[in-house]
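Containing PDB, C-alpha atoms: final01.pdb.
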ATOM      1  CA  MET P   1     -25.612 -12.079 -16.828  1.00  0.00           C
ATOM      2  CA  PRO P   2     -24.418 -15.661 -17.339  1.00  0.00           C
ATOM      3  CA  MET P   3     -21.466 -14.319 -19.322  1.00  0.00           C
ATOM      4  CA  ILE P   4     -20.347 -12.155 -16.372  1.00  0.00           C
ATOM      5  CA  ALA P   5     -20.830 -15.028 -13.920  1.00  0.00           C
ATOM      6  CA  ASN P   6     -18.736 -17.320 -16.116  1.00  0.00           C
ATOM      7  CA  PHE P   7     -15.972 -14.712 -16.324  1.00  0.00           C
ATOM      8  CA  ILE P   8     -15.899 -14.182 -12.555  1.00  0.00           C
ATOM      9  CA  SER P   9     -15.816 -17.900 -11.834  1.00  0.00           C
ATOM     10  CA  ALA P  10     -12.959 -18.320 -14.322  1.00  0.00           C
ATOM     11  CA  VAL P  11     -10.770 -15.647 -12.725  1.00  0.00           C
ATOM     12  CA  LYS P  12     -11.825 -16.063  -9.087  1.00  0.00           C
ATOM     13  CA  LYS P  13      -8.362 -17.209  -7.996  1.00  0.00           C
ATOM     14  CA  ASP P  14      -6.671 -14.231  -9.691  1.00  0.00           C
ATOM     15  CA  ILE P  15      -9.118 -11.795  -8.102  1.00  0.00           C
ATOM     16  CA  ALA P  16      -8.424 -13.286  -4.659  1.00  0.00           C
ATOM     17  CA  ILE P  17      -4.643 -12.981  -5.120  1.00  0.00           C
ATOM     18  CA  ILE P  18      -4.934  -9.376  -6.300  1.00  0.00           C
ATOM     19  CA  LEU P  19      -7.197  -8.545  -3.352  1.00  0.00           C
ATOM     20  CA  ILE P  20      -4.777 -10.111  -0.840  1.00  0.00           C
ATOM     21  CA  VAL P  21      -1.800  -8.255  -2.345  1.00  0.00           C
ATOM     22  CA  PHE P  22      -3.733  -4.974  -2.277  1.00  0.00           C
ATOM     23  CA  LEU P  23      -4.747  -5.443   1.359  1.00  0.00           C
ATOM     24  CA  LEU P  24      -1.159  -6.250   2.372  1.00  0.00           C
ATOM     25  CA  LEU P  25       0.044  -3.181   0.502  1.00  0.00           C
ATOM     26  CA  MET P  26      -2.451  -0.965   2.319  1.00  0.00           C
ATOM     27  CA  LEU P  27      -1.555  -2.527   5.678  1.00  0.00           C
ATOM     28  CA  SER P  28       2.162  -1.938   5.169  1.00  0.00           C
ATOM     29  CA  PHE P  29       1.538   1.646   4.067  1.00  0.00           C
ATOM     30  CA  ALA P  30      -0.618   2.312   7.139  1.00  0.00           C
ATOM     31  CA  ALA P  31       1.988   0.771   9.461  1.00  0.00           C
ATOM     32  CA  GLY P  32       4.743   2.904   7.944  1.00  0.00           C
ATOM     33  CA  PHE P  33       2.615   6.012   8.119  1.00  0.00           C
ATOM     34  CA  LEU P  34       1.768   5.492  11.776  1.00  0.00           C
ATOM     35  CA  THR P  35       5.366   4.685  12.645  1.00  0.00           C
ATOM     36  CA  ALA P  36       6.640   7.835  10.944  1.00  0.00           C
ATOM     37  CA  LYS P  37       3.901   9.959  12.479  1.00  0.00           C
ATOM     38  CA  TYR P  38       4.740   9.088  16.078  1.00  0.00           C
ATOM     39  CA  LEU P  39       8.525   9.132  15.950  1.00  0.00           C
ATOM     40  CA  ASP P  40      10.034  11.958  17.970  1.00  0.00           C
ATOM     41  CA  ARG P  41      12.946  12.881  15.762  1.00  0.00           C
ATOM     42  CA  GLU P  42      14.405  16.219  14.936  1.00  0.00           C
ATOM     43  CA  PRO P  43      13.643  17.232  11.355  1.00  0.00           C
ATOM     44  CA  ILE P  44      16.473  17.193   8.844  1.00  0.00           C
ATOM     45  CA  GLN P  45      17.797  20.688   8.243  1.00  0.00           C
ATOM     46  CA  PHE P  46      19.865  21.688   5.242  1.00  0.00           C
ATOM     47  CA  ILE P  47      22.595  24.230   5.873  1.00  0.00           C
ATOM     48  CA  GLN P  48      23.665  26.345   2.940  1.00  0.00           C
ATOM     49  CA  THR P  49      27.362  27.129   2.875  1.00  0.00           C
ATOM     50  CA  GLU P  50      29.236  29.684   0.841  1.00  0.00           C
ATOM     51  CA  LYS P  51      31.755  28.452  -1.701  1.00  0.00           C
TER      52      LYS P  51
END
Written as structure tokens, how would this file's structure read?
Amino acid sequence: MPMIANFISAVKKDIAIILIVFLLLMLSFAAGFLTAKYLDREPIQFIQTEK
């Protein structure tokens, strides 16, 4: 157990930075998802033409 506690205390700053980046990533994904979900746009339609 002391070995694990020493490891965690040594990399505490790195863990905090990774956690903050992950939370910001999830927040931006959720904001984009909600924005795209509630936009009232016509879907893009592809028209096939003869050559």
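Counting from atom CA of Met26 of chain P, the distance to atom CA of Ile8 of chain P is 24.0 Å.
The interatomic distance for the pair atom CA of Val11 of chain P and atom CA of Leu23 of chain P works out to 18.4 Å.
Between atom CA of Leu19 of chain P and atom CA of Phe7 of chain P the interatomic distance comes to 16.8 Å.
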Reconstruct segment 2-36 of chain P at the level of N, CA and C atoms, and format the result as a JSON list (two decimals), keeping the file's coordinate frame.
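Output contents, as saved in rebuild-v2.json:
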[["chain", "number", "residue", "atom", "x", "y", "z"],
["P", 2, "PRO", "N", -25.20, -14.43, -17.45],
["P", 2, "PRO", "CA", -24.42, -15.66, -17.34],
["P", 2, "PRO", "C", -22.99, -15.47, -17.85],
["P", 3, "MET", "N", -22.81, -14.55, -18.80],
["P", 3, "MET", "CA", -21.47, -14.32, -19.32],
["P", 3, "MET", "C", -20.56, -13.71, -18.24],
["P", 4, "ILE", "N", -21.11, -12.78, -17.46],
["P", 4, "ILE", "CA", -20.35, -12.16, -16.37],
["P", 4, "ILE", "C", -20.05, -13.18, -15.29],
["P", 5, "ALA", "N", -21.03, -14.00, -14.95],
["P", 5, "ALA", "CA", -20.83, -15.03, -13.92],
["P", 5, "ALA", "C", -19.77, -16.03, -14.35],
["P", 6, "ASN", "N", -19.76, -16.40, -15.61],
["P", 6, "ASN", "CA", -18.74, -17.32, -16.12],
["P", 6, "ASN", "C", -17.35, -16.69, -16.06],
["P", 7, "PHE", "N", -17.26, -15.40, -16.37],
["P", 7, "PHE", "CA", -15.97, -14.71, -16.32],
["P", 7, "PHE", "C", -15.45, -14.64, -14.89],
["P", 8, "ILE", "N", -16.31, -14.28, -13.96],
["P", 8, "ILE", "CA", -15.90, -14.18, -12.56],
["P", 8, "ILE", "C", -15.48, -15.54, -12.01],
["P", 9, "SER", "N", -16.19, -16.57, -12.33],
["P", 9, "SER", "CA", -15.82, -17.90, -11.83],
["P", 9, "SER", "C", -14.51, -18.38, -12.47],
["P", 10, "ALA", "N", -14.20, -17.91, -13.65],
["P", 10, "ALA", "CA", -12.96, -18.32, -14.32],
["P", 10, "ALA", "C", -11.74, -17.63, -13.72],
["P", 11, "VAL", "N", -11.91, -16.40, -13.25],
["P", 11, "VAL", "CA", -10.77, -15.65, -12.72],
["P", 11, "VAL", "C", -10.87, -15.41, -11.21],
["P", 12, "LYS", "N", -11.61, -16.23, -10.52],
["P", 12, "LYS", "CA", -11.82, -16.06, -9.09],
["P", 12, "LYS", "C", -10.52, -16.14, -8.31],
["P", 13, "LYS", "N", -9.64, -17.05, -8.69],
["P", 13, "LYS", "CA", -8.36, -17.21, -8.00],
["P", 13, "LYS", "C", -7.48, -15.98, -8.20],
["P", 14, "ASP", "N", -7.45, -15.43, -9.41],
["P", 14, "ASP", "CA", -6.67, -14.23, -9.69],
["P", 14, "ASP", "C", -7.21, -13.03, -8.92],
["P", 15, "ILE", "N", -8.51, -12.89, -8.84],
["P", 15, "ILE", "CA", -9.12, -11.80, -8.10],
["P", 15, "ILE", "C", -8.75, -11.90, -6.63],
["P", 16, "ALA", "N", -8.77, -13.09, -6.07],
["P", 16, "ALA", "CA", -8.42, -13.29, -4.66],
["P", 16, "ALA", "C", -6.96, -12.91, -4.40],
["P", 17, "ILE", "N", -6.07, -13.31, -5.29],
["P", 17, "ILE", "CA", -4.64, -12.98, -5.12],
["P", 17, "ILE", "C", -4.43, -11.47, -5.20],
["P", 18, "ILE", "N", -5.06, -10.83, -6.16],
["P", 18, "ILE", "CA", -4.93, -9.38, -6.30],
["P", 18, "ILE", "C", -5.48, -8.67, -5.07],
["P", 19, "LEU", "N", -6.59, -9.14, -4.54],
["P", 19, "LEU", "CA", -7.20, -8.54, -3.35],
["P", 19, "LEU", "C", -6.28, -8.70, -2.13],
["P", 20, "ILE", "N", -5.68, -9.88, -1.96],
["P", 20, "ILE", "CA", -4.78, -10.11, -0.84],
["P", 20, "ILE", "C", -3.54, -9.22, -0.95],
["P", 21, "VAL", "N", -2.97, -9.11, -2.14],
["P", 21, "VAL", "CA", -1.80, -8.26, -2.35],
["P", 21, "VAL", "C", -2.15, -6.81, -2.06],
["P", 22, "PHE", "N", -3.30, -6.35, -2.51],
["P", 22, "PHE", "CA", -3.73, -4.97, -2.28],
["P", 22, "PHE", "C", -3.92, -4.70, -0.79],
["P", 23, "LEU", "N", -4.54, -5.63, -0.07],
["P", 23, "LEU", "CA", -4.75, -5.44, 1.36],
["P", 23, "LEU", "C", -3.42, -5.42, 2.12],
["P", 24, "LEU", "N", -2.48, -6.27, 1.74],
["P", 24, "LEU", "CA", -1.16, -6.25, 2.37],
["P", 24, "LEU", "C", -0.43, -4.95, 2.08],
["P", 25, "LEU", "N", -0.56, -4.45, 0.87],
["P", 25, "LEU", "CA", 0.04, -3.18, 0.50],
["P", 25, "LEU", "C", -0.52, -2.05, 1.35],
["P", 26, "MET", "N", -1.82, -2.00, 1.51],
["P", 26, "MET", "CA", -2.45, -0.96, 2.32],
["P", 26, "MET", "C", -2.06, -1.09, 3.79],
["P", 27, "LEU", "N", -1.95, -2.31, 4.29],
["P", 27, "LEU", "CA", -1.56, -2.53, 5.68],
["P", 27, "LEU", "C", -0.13, -2.06, 5.92],
["P", 28, "SER", "N", 0.78, -2.36, 5.00],
["P", 28, "SER", "CA", 2.16, -1.94, 5.17],
["P", 28, "SER", "C", 2.29, -0.42, 5.05],
["P", 29, "PHE", "N", 1.52, 0.19, 4.17],
["P", 29, "PHE", "CA", 1.54, 1.65, 4.07],
["P", 29, "PHE", "C", 1.03, 2.28, 5.35],
["P", 30, "ALA", "N", -0.05, 1.76, 5.90],
["P", 30, "ALA", "CA", -0.62, 2.31, 7.14],
["P", 30, "ALA", "C", 0.36, 2.14, 8.30],
["P", 31, "ALA", "N", 1.02, 1.00, 8.38],
["P", 31, "ALA", "CA", 1.99, 0.77, 9.46],
["P", 31, "ALA", "C", 3.16, 1.74, 9.34],
["P", 32, "GLY", "N", 3.66, 1.96, 8.15],
["P", 32, "GLY", "CA", 4.74, 2.90, 7.94],
["P", 32, "GLY", "C", 4.32, 4.33, 8.24],
["P", 33, "PHE", "N", 3.12, 4.67, 7.86],
["P", 33, "PHE", "CA", 2.62, 6.01, 8.12],
["P", 33, "PHE", "C", 2.49, 6.27, 9.61],
["P", 34, "LEU", "N", 1.93, 5.32, 10.34],
["P", 34, "LEU", "CA", 1.77, 5.49, 11.78],
["P", 34, "LEU", "C", 3.11, 5.51, 12.49],
["P", 35, "THR", "N", 4.03, 4.70, 12.04],
["P", 35, "THR", "CA", 5.37, 4.68, 12.64],
["P", 35, "THR", "C", 6.06, 6.03, 12.44],
["P", 36, "ALA", "N", 6.00, 6.56, 11.24],
["P", 36, "ALA", "CA", 6.64, 7.84, 10.94],
["P", 36, "ALA", "C", 5.95, 8.99, 11.66]]
